>>> print(open('upload-v1.pdb').read())   # PDB, C-alpha atoms
ATOM      1  CA  MET S 419       0.000   0.000   0.000
ATOM      2  CA  ALA S 420       1.311   3.454  -0.861
ATOM      3  CA  GLU S 421       2.179   5.673   2.066
ATOM      4  CA  LYS S 422      -0.837   7.944   2.161
ATOM      5  CA  PRO S 423      -3.907   6.320   0.644
ATOM      6  CA  SER S 424      -6.807   8.633  -0.159
ATOM      7  CA  LYS S 425      -9.896   8.807   2.058
ATOM      8  CA  GLN S 426     -11.811   7.187  -0.796
ATOM      9  CA  ASP S 427      -9.317   4.287  -0.951
ATOM     10  CA  VAL S 428      -9.313   3.830   2.808
ATOM     11  CA  GLU S 429     -13.105   3.843   3.093
ATOM     12  CA  GLU S 430     -14.241   2.187  -0.120
ATOM     13  CA  GLY S 431     -11.233   0.152  -1.221
ATOM     14  CA  LEU S 432     -10.130  -3.389  -0.511
ATOM     15  CA  ALA S 433      -6.529  -2.613   0.402
ATOM     16  CA  PHE S 434      -5.860  -3.216   4.070
ATOM     17  CA  ALA S 435      -4.263   0.040   5.251
ATOM     18  CA  PRO S 436      -4.528   0.101   9.057
ATOM     19  CA  LYS S 437      -4.322   3.608  10.473
ATOM     20  CA  PHE S 438      -2.077   3.279  13.498
ATOM     21  CA  ASP S 439      -2.150   5.992  16.147
ATOM     22  CA  ALA S 440       0.914   7.860  17.427
ATOM     23  CA  ASP S 441       1.832   4.784  19.476
ATOM     24  CA  GLY S 442       1.524   2.473  16.474
ATOM     25  CA  LEU S 443      -1.750   0.928  17.656
ATOM     26  CA  VAL S 444      -5.271   0.271  16.435
ATOM     27  CA  THR S 445      -8.209  -0.264  18.797
ATOM     28  CA  VAL S 446      -9.656  -3.779  18.906
ATOM     29  CA  VAL S 447     -13.083  -4.869  20.109
ATOM     30  CA  ALA S 448     -13.473  -8.569  20.862
ATOM     31  CA  THR S 449     -17.030  -9.905  20.994
ATOM     32  CA  ASP S 450     -18.193 -13.381  21.943
ATOM     33  CA  VAL S 451     -19.272 -15.144  18.757
ATOM     34  CA  TRP S 452     -22.064 -16.966  20.596
ATOM     35  CA  THR S 453     -23.591 -14.244  22.783
ATOM     36  CA  GLY S 454     -22.561 -11.076  20.921
ATOM     37  CA  ASP S 455     -21.356  -9.598  24.217
ATOM     38  CA  VAL S 456     -18.328  -7.347  24.170
ATOM     39  CA  LEU S 457     -15.624  -9.267  26.012
ATOM     40  CA  MET S 458     -12.837  -6.679  25.962
ATOM     41  CA  VAL S 459     -11.422  -3.598  24.265
ATOM     42  CA  ALA S 460      -7.685  -3.711  23.663
ATOM     43  CA  HIS S 461      -5.027  -2.756  21.123
ATOM     44  CA  MET S 462      -2.934  -4.345  18.394
ATOM     45  CA  ASN S 463       0.281  -3.077  16.872
ATOM     46  CA  GLU S 464       1.362  -4.154  13.386
ATOM     47  CA  GLN S 465       2.943  -7.365  14.673
ATOM     48  CA  ALA S 466      -0.094  -8.339  16.754
ATOM     49  CA  LEU S 467      -2.329  -7.720  13.744
ATOM     50  CA  ARG S 468      -0.134  -9.868  11.527
ATOM     51  CA  ARG S 469       0.063 -12.729  14.018
ATOM     52  CA  THR S 470      -3.690 -12.653  14.593
ATOM     53  CA  ILE S 471      -4.339 -12.766  10.853
ATOM     54  CA  GLU S 472      -1.786 -15.521  10.268
ATOM     55  CA  THR S 473      -2.767 -17.755  13.169
ATOM     56  CA  GLY S 474      -6.466 -17.024  13.726
ATOM     57  CA  GLU S 475      -5.690 -16.637  17.452
ATOM     58  CA  ALA S 476      -5.930 -13.222  19.123
ATOM     59  CA  TRP S 477      -2.680 -11.370  19.792
ATOM     60  CA  TYR S 478      -2.618  -7.930  21.352
ATOM     61  CA  PHE S 479      -0.152  -5.243  22.362
ATOM     62  CA  SER S 480      -0.155  -4.323  26.037
ATOM     63  CA  ARG S 481       0.200  -0.578  26.480
ATOM     64  CA  SER S 482       1.111  -0.918  30.161
ATOM     65  CA  ARG S 483       3.753  -3.596  29.596
ATOM     66  CA  ARG S 484       4.821  -2.309  26.160
ATOM     67  CA  ALA S 485       4.807  -5.875  24.943
ATOM     68  CA  LEU S 486       3.282  -8.119  22.338
ATOM     69  CA  TRP S 487       0.929 -10.489  24.077
ATOM     70  CA  LYS S 488      -0.886 -13.609  23.019
ATOM     71  CA  LYS S 489      -4.254 -13.659  24.736
ATOM     72  CA  GLY S 490      -4.210 -16.606  27.097
ATOM     73  CA  GLU S 491      -0.439 -17.056  27.105
ATOM     74  CA  SER S 492      -0.430 -17.168  30.902
ATOM     75  CA  SER S 493      -4.056 -18.049  31.673
ATOM     76  CA  GLY S 494      -4.712 -20.526  28.893
ATOM     77  CA  HIS S 495      -7.812 -18.484  28.043
ATOM     78  CA  THR S 496      -6.992 -18.083  24.384
ATOM     79  CA  GLN S 497      -9.328 -16.595  21.801
ATOM     80  CA  ARG S 498      -9.995 -18.291  18.480
ATOM     81  CA  VAL S 499     -10.952 -15.635  15.964
ATOM     82  CA  THR S 500     -13.919 -16.611  13.812
ATOM     83  CA  GLU S 501     -14.252 -13.312  11.980
ATOM     84  CA  MET S 502     -12.193 -10.135  11.739
ATOM     85  CA  ARG S 503     -13.380  -6.816  10.386
ATOM     86  CA  VAL S 504     -11.972  -3.323   9.961
ATOM     87  CA  ASP S 505     -13.938  -0.099  10.204
ATOM     88  CA  CYS S 506     -14.448   2.680   7.680
ATOM     89  CA  ASP S 507     -11.314   4.672   8.475
ATOM     90  CA  GLN S 508      -9.306   1.553   9.339
ATOM     91  CA  ASP S 509      -8.281   2.594  12.843
ATOM     92  CA  ALA S 510     -10.441   0.023  14.634
ATOM     93  CA  VAL S 511     -10.804  -3.736  14.318
ATOM     94  CA  TRP S 512     -13.662  -5.962  15.430
ATOM     95  CA  ILE S 513     -12.973  -9.633  16.111
ATOM     96  CA  LYS S 514     -15.583 -12.238  16.887
ATOM     97  CA  VAL S 515     -13.989 -14.873  19.057
ATOM     98  CA  GLU S 516     -14.574 -18.217  20.652
ATOM     99  CA  GLN S 517     -13.305 -17.545  24.153
ATOM    100  CA  ASN S 518     -11.552 -20.571  25.558
ATOM    101  CA  GLY S 519     -11.803 -21.171  29.280
ATOM    102  CA  PRO S 520     -14.044 -19.429  31.801
ATOM    103  CA  GLY S 521     -13.443 -15.805  30.848
ATOM    104  CA  ALA S 522     -11.600 -12.978  29.097
ATOM    105  CA  CYS S 523     -11.138 -10.491  31.940
ATOM    106  CA  HIS S 524      -8.055 -10.435  34.151
ATOM    107  CA  THR S 525     -10.355  -9.752  37.127
ATOM    108  CA  GLY S 526     -11.789 -13.263  36.806
ATOM    109  CA  ARG S 527     -14.905 -12.600  34.778
ATOM    110  CA  LYS S 528     -16.248 -13.622  31.396
ATOM    111  CA  SER S 529     -16.252 -10.040  30.085
ATOM    112  CA  CYS S 530     -14.464  -6.869  31.167
ATOM    113  CA  PHE S 531     -17.824  -5.054  31.055
ATOM    114  CA  TYR S 532     -19.357  -6.252  34.337
ATOM    115  CA  ARG S 533     -20.634  -2.892  35.595
ATOM    116  CA  ALA S 534     -23.492  -0.808  34.232
ATOM    117  CA  ILE S 535     -23.706   2.968  34.223
ATOM    118  CA  PRO S 536     -27.292   3.911  35.119
ATOM    119  CA  LEU S 537     -28.962   6.085  32.473
ATOM    120  CA  ARG S 538     -31.114   9.203  32.638
ATOM    121  CA  GLN S 539     -29.511  10.370  35.862
ATOM    122  CA  VAL S 540     -28.089  13.746  36.768
ATOM    123  CA  GLY S 541     -25.239  14.165  39.222
ATOM    124  CA  ALA S 542     -22.995  11.591  40.856
ATOM    125  CA  ILE S 543     -23.047   8.163  39.242
ATOM    126  CA  THR S 544     -22.925   4.909  41.140
ATOM    127  CA  LEU S 545     -22.224   1.873  38.995
ATOM    128  CA  GLU S 546     -24.266  -1.332  39.225
ATOM    129  CA  PHE S 547     -22.858  -4.829  38.927
ATOM    130  CA  HIS S 548     -24.237  -6.740  35.918
ATOM    131  CA  ASP S 549     -22.992 -10.233  35.056
ATOM    132  CA  ALA S 550     -20.252  -9.627  37.617
ATOM    133  CA  ALA S 551     -19.999 -13.099  39.113
ATOM    134  CA  LYS S 552     -16.419 -14.333  39.004
ATOM    135  CA  THR S 553     -15.990 -17.367  36.769
ATOM    136  CA  PHE S 554     -12.398 -18.018  37.828
ATOM    137  CA  ASP S 555      -9.899 -16.946  40.453
ATOM    138  CA  PRO S 556      -7.307 -14.702  38.821
ATOM    139  CA  ALA S 557      -4.824 -15.259  41.652
ATOM    140  CA  GLU S 558      -4.811 -18.956  40.824
ATOM    141  CA  THR S 559      -4.921 -18.502  37.065
ATOM    142  CA  TYR S 560      -2.211 -15.961  36.385
ATOM    143  CA  SER S 561       1.427 -16.443  37.038
ATOM    144  CA  LYS S 562       1.801 -12.852  35.812
ATOM    145  CA  PRO S 563      -0.854 -10.217  35.186
ATOM    146  CA  GLU S 564      -2.361 -10.192  31.727
TER     147      GLU S 564
ATOM    148  CA  MET G1206     -14.218  10.575  43.440
ATOM    149  CA  ALA G1207     -10.757  11.205  44.868
ATOM    150  CA  GLU G1208      -8.042  12.066  42.383
ATOM    151  CA  LYS G1209      -6.232   8.776  42.151
ATOM    152  CA  PRO G1210      -8.451   5.826  43.054
ATOM    153  CA  SER G1211      -6.674   2.545  43.730
ATOM    154  CA  LYS G1212      -6.629  -0.265  41.157
ATOM    155  CA  GLN G1213      -8.860  -2.220  43.527
ATOM    156  CA  ASP G1214     -11.385   0.639  43.680
ATOM    157  CA  VAL G1215     -11.333   1.147  39.917
ATOM    158  CA  GLU G1216     -11.793  -2.547  39.132
ATOM    159  CA  GLU G1217     -14.004  -3.792  41.948
ATOM    160  CA  GLY G1218     -15.743  -0.674  43.228
ATOM    161  CA  LEU G1219     -18.988   1.020  42.252
ATOM    162  CA  ALA G1220     -17.622   4.565  41.930
ATOM    163  CA  PHE G1221     -17.636   5.724  38.329
ATOM    164  CA  ALA G1222     -14.077   6.956  37.770
ATOM    165  CA  PRO G1223     -13.539   7.123  33.995
ATOM    166  CA  LYS G1224      -9.877   6.971  33.028
ATOM    167  CA  PHE G1225      -9.503   9.575  30.309
ATOM    168  CA  ASP G1226      -6.491   9.409  27.996
ATOM    169  CA  ALA G1227      -4.088  12.302  27.365
ATOM    170  CA  ASP G1228      -6.713  13.904  25.115
ATOM    171  CA  GLY G1229      -9.432  13.577  27.762
ATOM    172  CA  LEU G1230     -11.220  10.732  25.995
ATOM    173  CA  VAL G1231     -12.497   7.227  26.633
ATOM    174  CA  THR G1232     -13.095   4.686  23.864
ATOM    175  CA  VAL G1233     -16.716   3.797  23.159
ATOM    176  CA  VAL G1234     -18.084   0.725  21.391
ATOM    177  CA  ALA G1235     -21.673   0.976  20.169
ATOM    178  CA  THR G1236     -23.434  -2.303  19.412
ATOM    179  CA  ASP G1237     -26.878  -2.827  17.914
ATOM    180  CA  VAL G1238     -29.172  -3.986  20.706
ATOM    181  CA  TRP G1239     -31.085  -6.246  18.310
ATOM    182  CA  THR G1240     -28.323  -7.903  16.269
ATOM    183  CA  GLY G1241     -25.324  -7.572  18.596
ATOM    184  CA  ASP G1242     -23.273  -6.215  15.682
ATOM    185  CA  VAL G1243     -20.668  -3.593  16.413
ATOM    186  CA  LEU G1244     -21.947  -0.432  14.734
ATOM    187  CA  MET G1245     -19.051   1.908  15.455
ATOM    188  CA  VAL G1246     -16.075   2.662  17.664
ATOM    189  CA  ALA G1247     -15.765   6.283  18.736
ATOM    190  CA  HIS G1248     -14.814   8.456  21.714
ATOM    191  CA  MET G1249     -16.459  10.431  24.489
ATOM    192  CA  ASN G1250     -14.989  13.219  26.564
ATOM    193  CA  GLU G1251     -16.363  14.047  30.009
ATOM    194  CA  GLN G1252     -19.139  16.224  28.595
ATOM    195  CA  ALA G1253     -20.221  13.618  26.020
ATOM    196  CA  LEU G1254     -20.306  10.984  28.757
ATOM    197  CA  ARG G1255     -22.417  13.195  30.981
ATOM    198  CA  ARG G1256     -24.877  14.105  28.229
ATOM    199  CA  THR G1257     -25.215  10.469  27.168
ATOM    200  CA  ILE G1258     -25.904   9.411  30.747
ATOM    201  CA  GLU G1259     -28.360  12.261  31.350
ATOM    202  CA  THR G1260     -30.308  11.964  28.095
ATOM    203  CA  GLY G1261     -30.000   8.285  27.143
ATOM    204  CA  GLU G1262     -29.023   9.431  23.626
ATOM    205  CA  ALA G1263     -25.476   8.883  22.338
ATOM    206  CA  TRP G1264     -23.147  11.882  22.333
ATOM    207  CA  TYR G1265     -19.545  11.604  21.199
ATOM    208  CA  PHE G1266     -16.450  13.749  20.847
ATOM    209  CA  SER G1267     -15.058  14.045  17.342
ATOM    210  CA  ARG G1268     -11.274  13.893  17.366
ATOM    211  CA  SER G1269     -11.009  15.248  13.824
ATOM    212  CA  ARG G1270     -13.358  18.175  14.446
ATOM    213  CA  ARG G1271     -12.398  18.655  18.112
ATOM    214  CA  ALA G1272     -16.072  19.025  18.898
ATOM    215  CA  LEU G1273     -18.822  17.540  21.011
ATOM    216  CA  TRP G1274     -21.228  15.796  18.701
ATOM    217  CA  LYS G1275     -24.683  14.345  19.145
ATOM    218  CA  LYS G1276     -24.937  11.234  16.997
ATOM    219  CA  GLY G1277     -27.517  11.977  14.332
ATOM    220  CA  GLU G1278     -27.458  15.755  14.782
ATOM    221  CA  SER G1279     -27.066  16.228  11.031
ATOM    222  CA  SER G1280     -28.300  12.874   9.683
ATOM    223  CA  GLY G1281     -31.202  12.285  12.042
ATOM    224  CA  HIS G1282     -29.706   8.832  12.703
ATOM    225  CA  THR G1283     -29.697   9.162  16.461
ATOM    226  CA  GLN G1284     -28.875   6.344  18.872
ATOM    227  CA  ARG G1285     -31.084   5.561  21.864
ATOM    228  CA  VAL G1286     -28.931   3.931  24.513
ATOM    229  CA  THR G1287     -30.569   0.911  26.124
ATOM    230  CA  GLU G1288     -27.619  -0.120  28.268
ATOM    231  CA  MET G1289     -24.261   1.419  29.142
ATOM    232  CA  ARG G1290     -21.333  -0.410  30.689
ATOM    233  CA  VAL G1291     -17.775   0.413  31.696
ATOM    234  CA  ASP G1292     -14.824  -1.963  31.564
ATOM    235  CA  CYS G1293     -12.498  -3.177  34.307
ATOM    236  CA  ASP G1294     -10.015  -0.297  34.170
ATOM    237  CA  GLN G1295     -12.704   2.247  33.242
ATOM    238  CA  ASP G1296     -11.078   3.506  30.044
ATOM    239  CA  ALA G1297     -13.661   1.971  27.696
ATOM    240  CA  VAL G1298     -17.436   2.131  27.526
ATOM    241  CA  TRP G1299     -19.857  -0.218  25.793
ATOM    242  CA  ILE G1300     -23.269   1.078  24.791
ATOM    243  CA  LYS G1301     -26.068  -1.009  23.380
ATOM    244  CA  VAL G1302     -28.170   1.202  21.144
ATOM    245  CA  GLU G1303     -31.315   1.300  19.108
ATOM    246  CA  GLN G1304     -30.020   2.857  15.913
ATOM    247  CA  ASN G1305     -32.586   5.187  14.409
ATOM    248  CA  GLY G1306     -32.700   5.456  10.629
ATOM    249  CA  PRO G1307     -30.946   3.284   8.063
ATOM    250  CA  GLY G1308     -27.436   3.246   9.500
ATOM    251  CA  ALA G1309     -24.668   4.426  11.795
ATOM    252  CA  CYS G1310     -21.779   4.842   9.353
ATOM    253  CA  HIS G1311     -21.021   8.117   7.589
ATOM    254  CA  THR G1312     -20.256   6.089   4.433
ATOM    255  CA  GLY G1313     -23.943   5.170   4.150
ATOM    256  CA  ARG G1314     -23.966   1.772   5.808
ATOM    257  CA  LYS G1315     -25.601   0.216   8.845
ATOM    258  CA  SER G1316     -22.258  -0.471  10.549
ATOM    259  CA  CYS G1317     -18.761   0.945  10.085
ATOM    260  CA  PHE G1318     -17.439  -2.635   9.949
ATOM    261  CA  TYR G1319     -18.378  -3.591   6.376
ATOM    262  CA  ARG G1320     -15.081  -5.203   5.361
ATOM    263  CA  ALA G1321     -13.585  -8.478   6.574
ATOM    264  CA  ILE G1322      -9.915  -9.243   6.990
ATOM    265  CA  PRO G1323      -9.342 -12.811   5.746
ATOM    266  CA  LEU G1324      -7.775 -15.058   8.364
ATOM    267  CA  ARG G1325      -4.977 -17.623   8.279
ATOM    268  CA  GLN G1326      -3.191 -15.843   5.458
ATOM    269  CA  VAL G1327       0.434 -14.848   5.143
ATOM    270  CA  GLY G1328       1.547 -11.825   3.156
ATOM    271  CA  ALA G1329      -0.461  -9.047   1.545
ATOM    272  CA  ILE G1330      -4.051  -8.786   2.730
ATOM    273  CA  THR G1331      -6.986  -7.958   0.501
ATOM    274  CA  LEU G1332     -10.162  -7.078   2.345
ATOM    275  CA  GLU G1333     -13.538  -8.582   1.492
ATOM    276  CA  PHE G1334     -16.834  -6.713   1.572
ATOM    277  CA  HIS G1335     -19.293  -8.131   4.132
ATOM    278  CA  ASP G1336     -22.675  -6.485   4.742
ATOM    279  CA  ALA G1337     -21.375  -3.596   2.652
ATOM    280  CA  ALA G1338     -24.549  -2.654   0.811
ATOM    281  CA  LYS G1339     -25.311   1.027   1.257
ATOM    282  CA  THR G1340     -28.530   1.639   3.149
ATOM    283  CA  PHE G1341     -28.563   5.382   2.515
ATOM    284  CA  ASP G1342     -26.829   7.993   0.393
ATOM    285  CA  PRO G1343     -24.500  10.012   2.611
ATOM    286  CA  ALA G1344     -24.351  12.867   0.092
ATOM    287  CA  GLU G1345     -28.079  13.328   0.484
ATOM    288  CA  THR G1346     -28.159  12.711   4.212
ATOM    289  CA  TYR G1347     -25.400  14.930   5.543
ATOM    290  CA  SER G1348     -25.295  18.649   5.309
ATOM    291  CA  LYS G1349     -21.894  18.374   6.969
ATOM    292  CA  PRO G1350     -19.734  15.293   7.534
ATOM    293  CA  GLU G1351     -20.389  13.423  10.726
TER     294      GLU G1351
END
>>> encode(input="upload-v1.pdb", output="structure tokens")
Amino acid sequence: MAEKPSKQDVEEGLAFAPKFDADGLVTVVATDVWTGDVLMVAHMNEQALRRTIETGEAWYFSRSRRALWKKGESSGHTQRVTEMRVDCDQDAVWIKVEQNGPGACHTGRKSCFYRAIPLRQVGAITLEFHDAAKTFDPAETYSKPE
Amino acid sequence: MAEKPSKQDVEEGLAFAPKFDADGLVTVVATDVWTGDVLMVAHMNEQALRRTIETGEAWYFSRSRRALWKKGESSGHTQRVTEMRVDCDQDAVWIKVEQNGPGACHTGRKSCFYRAIPLRQVGAITLEFHDAAKTFDPAETYSKPE
């Protein structure tokens, strides 16, 4: 792909031209292929993108650890990618995954989105637990934080 | 909320303490409440978050226009939020929405994710159109780009 594809090419073309941010990352949304629930929002750099495409298993880039990271490398909770899509301006990727093991979240839950923000409220917001039951014990599962 | 809540408070507590990035933004994933499809990935600043919570309609912050933006303000394709969740480290929000009108994407489609990245391939990637039929004509719909 040429260095600076046109907006028309990026939005309407079939050339994969990921638009990395200043840190070299695109945003990734992983949804559960069976339930449609959002499991996690994370990031991929060019290498994580390539490995995910090549292997069909989810790889990410950890911003906190500044490291390439195969999902499940310490927990065993890998993600098999069943479908991968890119958005109009190619700075975000959506993967549908089969989540292996009891959950995707490092806190010990199926999804990272286990708290609801109540709507149509003014003033201070108190979250509400939704689907927040722990499905595994992260202290037992992780030898190092994911 | 105190200035620097602990990791434990952020992940396990019920205080809403959004973790804004250097630009004052959190990442937002909007999914279709009926199909579960990801419609778009965008951003909210503190004001967009507050207006979304107060009104139950999706407000975003446009990075390109540096402006608060009510989804559908020019197209009429507003989003009624049926559920709003925050993730473990509170830097990402998931909203389930009822998308009004024929689509969410400024290119004239239901979802921004209308191209698939083929999996288990090595080398150059050619995207494939999936669900890419245009459901409206953006030139007719927008008086200004959304």
>>> atom_distance(input="upload-v1.pdb", atom1="CA of Asp441 in chain S", atom2="CA of Tyr1265 in chain G")
22.5 Å
>>> axis_aligned_box(input="upload-v1.pdb", around="range 485-490 of chain S", padding_each_side="8 Å", output="AutoDock Vina command-line options")
--center_x 0.3 --center_y -11.2 --center_z 24.7 --size_x 25.1 --size_y 26.7 --size_z 20.8
>>> resolve_selection(input="upload-v1.pdb", expression="the PyMOL selection byres ((chain G) within 7 of (chain S))", output="PyMOL selection string")
chain G and resi 1219-1221+1241+1246+1258-1261+1289-1293+1297+1317-1322+1324-1327+1330-1333
>>> residues_around(input="upload-v1.pdb", residues="range 482-488 of chain S", least_positions_apart="4", cutoff="10 Å", atoms="all atoms listed in the file", output="PyMOL selection string")
chain S and resi 461-466+469-470+475-478+492+494-497+563-564
>>> write_last_selection(input="upload-v1.pdb", atoms="C-alpha atoms", output="PDB file, in the frame of the given file")
ATOM      1  CA  HIS S 461      -5.027  -2.756  21.123  1.00  0.00           C
ATOM      2  CA  MET S 462      -2.934  -4.345  18.394  1.00  0.00           C
ATOM      3  CA  ASN S 463       0.281  -3.077  16.872  1.00  0.00           C
ATOM      4  CA  GLU S 464       1.362  -4.154  13.386  1.00  0.00           C
ATOM      5  CA  GLN S 465       2.943  -7.365  14.673  1.00  0.00           C
ATOM      6  CA  ALA S 466      -0.094  -8.339  16.754  1.00  0.00           C
ATOM      7  CA  ARG S 469       0.063 -12.729  14.018  1.00  0.00           C
ATOM      8  CA  THR S 470      -3.690 -12.653  14.593  1.00  0.00           C
ATOM      9  CA  GLU S 475      -5.690 -16.637  17.452  1.00  0.00           C
ATOM     10  CA  ALA S 476      -5.930 -13.222  19.123  1.00  0.00           C
ATOM     11  CA  TRP S 477      -2.680 -11.370  19.792  1.00  0.00           C
ATOM     12  CA  TYR S 478      -2.618  -7.930  21.352  1.00  0.00           C
ATOM     13  CA  SER S 492      -0.430 -17.168  30.902  1.00  0.00           C
ATOM     14  CA  GLY S 494      -4.712 -20.526  28.893  1.00  0.00           C
ATOM     15  CA  HIS S 495      -7.812 -18.484  28.043  1.00  0.00           C
ATOM     16  CA  THR S 496      -6.992 -18.083  24.384  1.00  0.00           C
ATOM     17  CA  GLN S 497      -9.328 -16.595  21.801  1.00  0.00           C
ATOM     18  CA  PRO S 563      -0.854 -10.217  35.186  1.00  0.00           C
ATOM     19  CA  GLU S 564      -2.361 -10.192  31.727  1.00  0.00           C
TER      20      GLU S 564
END
>>> atom_distance(input="upload-v1.pdb", atom1="CA of Gly1306 in chain G", atom2="CA of Lys1276 in chain G")
11.6 Å
>>> closest_residue(input="upload-v1.pdb", among="S:Phe438, S:Ala557, S:Ser493, S:Gly526", to="Leu467 in chain S", atoms="all atoms listed in the file")
S:Phe438
>>> atom_distance(input="upload-v1.pdb", atom1="CA of Lys1209 in chain G", atom2="CA of Val444 in chain S")
27.1 Å
>>> closest_residue(input="upload-v1.pdb", among="G:Phe1341, G:Lys1224, G:Arg1268, G:Thr1346", to="Gly1308 in chain G", atoms="only C-alpha atoms")
G:Phe1341
>>> build_atoms(input="upload-v1.pdb", residues="range 1261-1267 of chain G", atoms="all heavy atoms", output="mmCIF file, keeping the file's coordinate frame")
data_model
loop_
_atom_site.group_PDB
_atom_site.id
_atom_site.type_symbol
_atom_site.label_atom_id
_atom_site.label_comp_id
_atom_site.auth_asym_id
_atom_site.auth_seq_id
_atom_site.Cartn_x
_atom_site.Cartn_y
_atom_site.Cartn_z
ATOM 1 N N GLY G 1261 -29.757 9.598 27.736
ATOM 2 C CA GLY G 1261 -30.000 8.285 27.143
ATOM 3 C C GLY G 1261 -29.876 8.293 25.625
ATOM 4 O O GLY G 1261 -30.281 7.338 24.961
ATOM 5 N N GLU G 1262 -29.342 9.361 25.066
ATOM 6 C CA GLU G 1262 -29.023 9.431 23.626
ATOM 7 C C GLU G 1262 -27.500 9.530 23.511
ATOM 8 O O GLU G 1262 -26.851 10.164 24.344
ATOM 9 C CB GLU G 1262 -29.640 10.686 22.986
ATOM 10 C CG GLU G 1262 -31.141 10.772 23.114
ATOM 11 C CD GLU G 1262 -31.862 10.138 21.922
ATOM 12 O OE1 GLU G 1262 -31.370 10.290 20.796
ATOM 13 O OE2 GLU G 1262 -32.898 9.498 22.141
ATOM 14 N N ALA G 1263 -26.941 8.916 22.446
ATOM 15 C CA ALA G 1263 -25.476 8.883 22.338
ATOM 16 C C ALA G 1263 -24.895 10.219 21.878
ATOM 17 O O ALA G 1263 -25.289 10.762 20.841
ATOM 18 C CB ALA G 1263 -25.060 7.789 21.367
ATOM 19 N N TRP G 1264 -23.965 10.720 22.669
ATOM 20 C CA TRP G 1264 -23.147 11.882 22.333
ATOM 21 C C TRP G 1264 -21.700 11.415 22.269
ATOM 22 O O TRP G 1264 -21.275 10.576 23.065
ATOM 23 C CB TRP G 1264 -23.265 12.962 23.399
ATOM 24 C CG TRP G 1264 -24.553 13.709 23.404
ATOM 25 C CD1 TRP G 1264 -25.764 13.270 23.851
ATOM 26 C CD2 TRP G 1264 -24.767 15.046 22.944
ATOM 27 N NE1 TRP G 1264 -26.714 14.246 23.703
ATOM 28 C CE2 TRP G 1264 -26.135 15.349 23.146
ATOM 29 C CE3 TRP G 1264 -23.938 16.023 22.386
ATOM 30 C CZ2 TRP G 1264 -26.686 16.590 22.812
ATOM 31 C CZ3 TRP G 1264 -24.479 17.254 22.049
ATOM 32 C CH2 TRP G 1264 -25.840 17.529 22.260
ATOM 33 N N TYR G 1265 -20.957 11.969 21.328
ATOM 34 C CA TYR G 1265 -19.545 11.604 21.199
ATOM 35 C C TYR G 1265 -18.698 12.866 21.146
ATOM 36 O O TYR G 1265 -19.203 13.984 21.133
ATOM 37 C CB TYR G 1265 -19.328 10.789 19.909
ATOM 38 C CG TYR G 1265 -20.068 9.475 19.875
ATOM 39 C CD1 TYR G 1265 -21.258 9.322 19.160
ATOM 40 C CD2 TYR G 1265 -19.571 8.363 20.556
ATOM 41 C CE1 TYR G 1265 -21.939 8.109 19.130
ATOM 42 C CE2 TYR G 1265 -20.247 7.147 20.523
ATOM 43 C CZ TYR G 1265 -21.432 7.028 19.808
ATOM 44 O OH TYR G 1265 -22.093 5.828 19.785
ATOM 45 N N PHE G 1266 -17.366 12.647 21.103
ATOM 46 C CA PHE G 1266 -16.450 13.749 20.847
ATOM 47 C C PHE G 1266 -15.681 13.404 19.588
ATOM 48 O O PHE G 1266 -15.041 12.350 19.509
ATOM 49 C CB PHE G 1266 -15.482 13.953 22.023
ATOM 50 C CG PHE G 1266 -14.600 15.158 21.836
ATOM 51 C CD1 PHE G 1266 -15.048 16.421 22.196
ATOM 52 C CD2 PHE G 1266 -13.334 15.037 21.279
ATOM 53 C CE1 PHE G 1266 -14.247 17.542 22.012
ATOM 54 C CE2 PHE G 1266 -12.529 16.158 21.097
ATOM 55 C CZ PHE G 1266 -12.992 17.405 21.459
ATOM 56 N N SER G 1267 -15.768 14.277 18.598
ATOM 57 C CA SER G 1267 -15.058 14.045 17.342
ATOM 58 C C SER G 1267 -13.609 14.493 17.479
ATOM 59 O O SER G 1267 -13.335 15.674 17.724
ATOM 60 C CB SER G 1267 -15.731 14.826 16.207
ATOM 61 O OG SER G 1267 -14.867 14.856 15.088
#
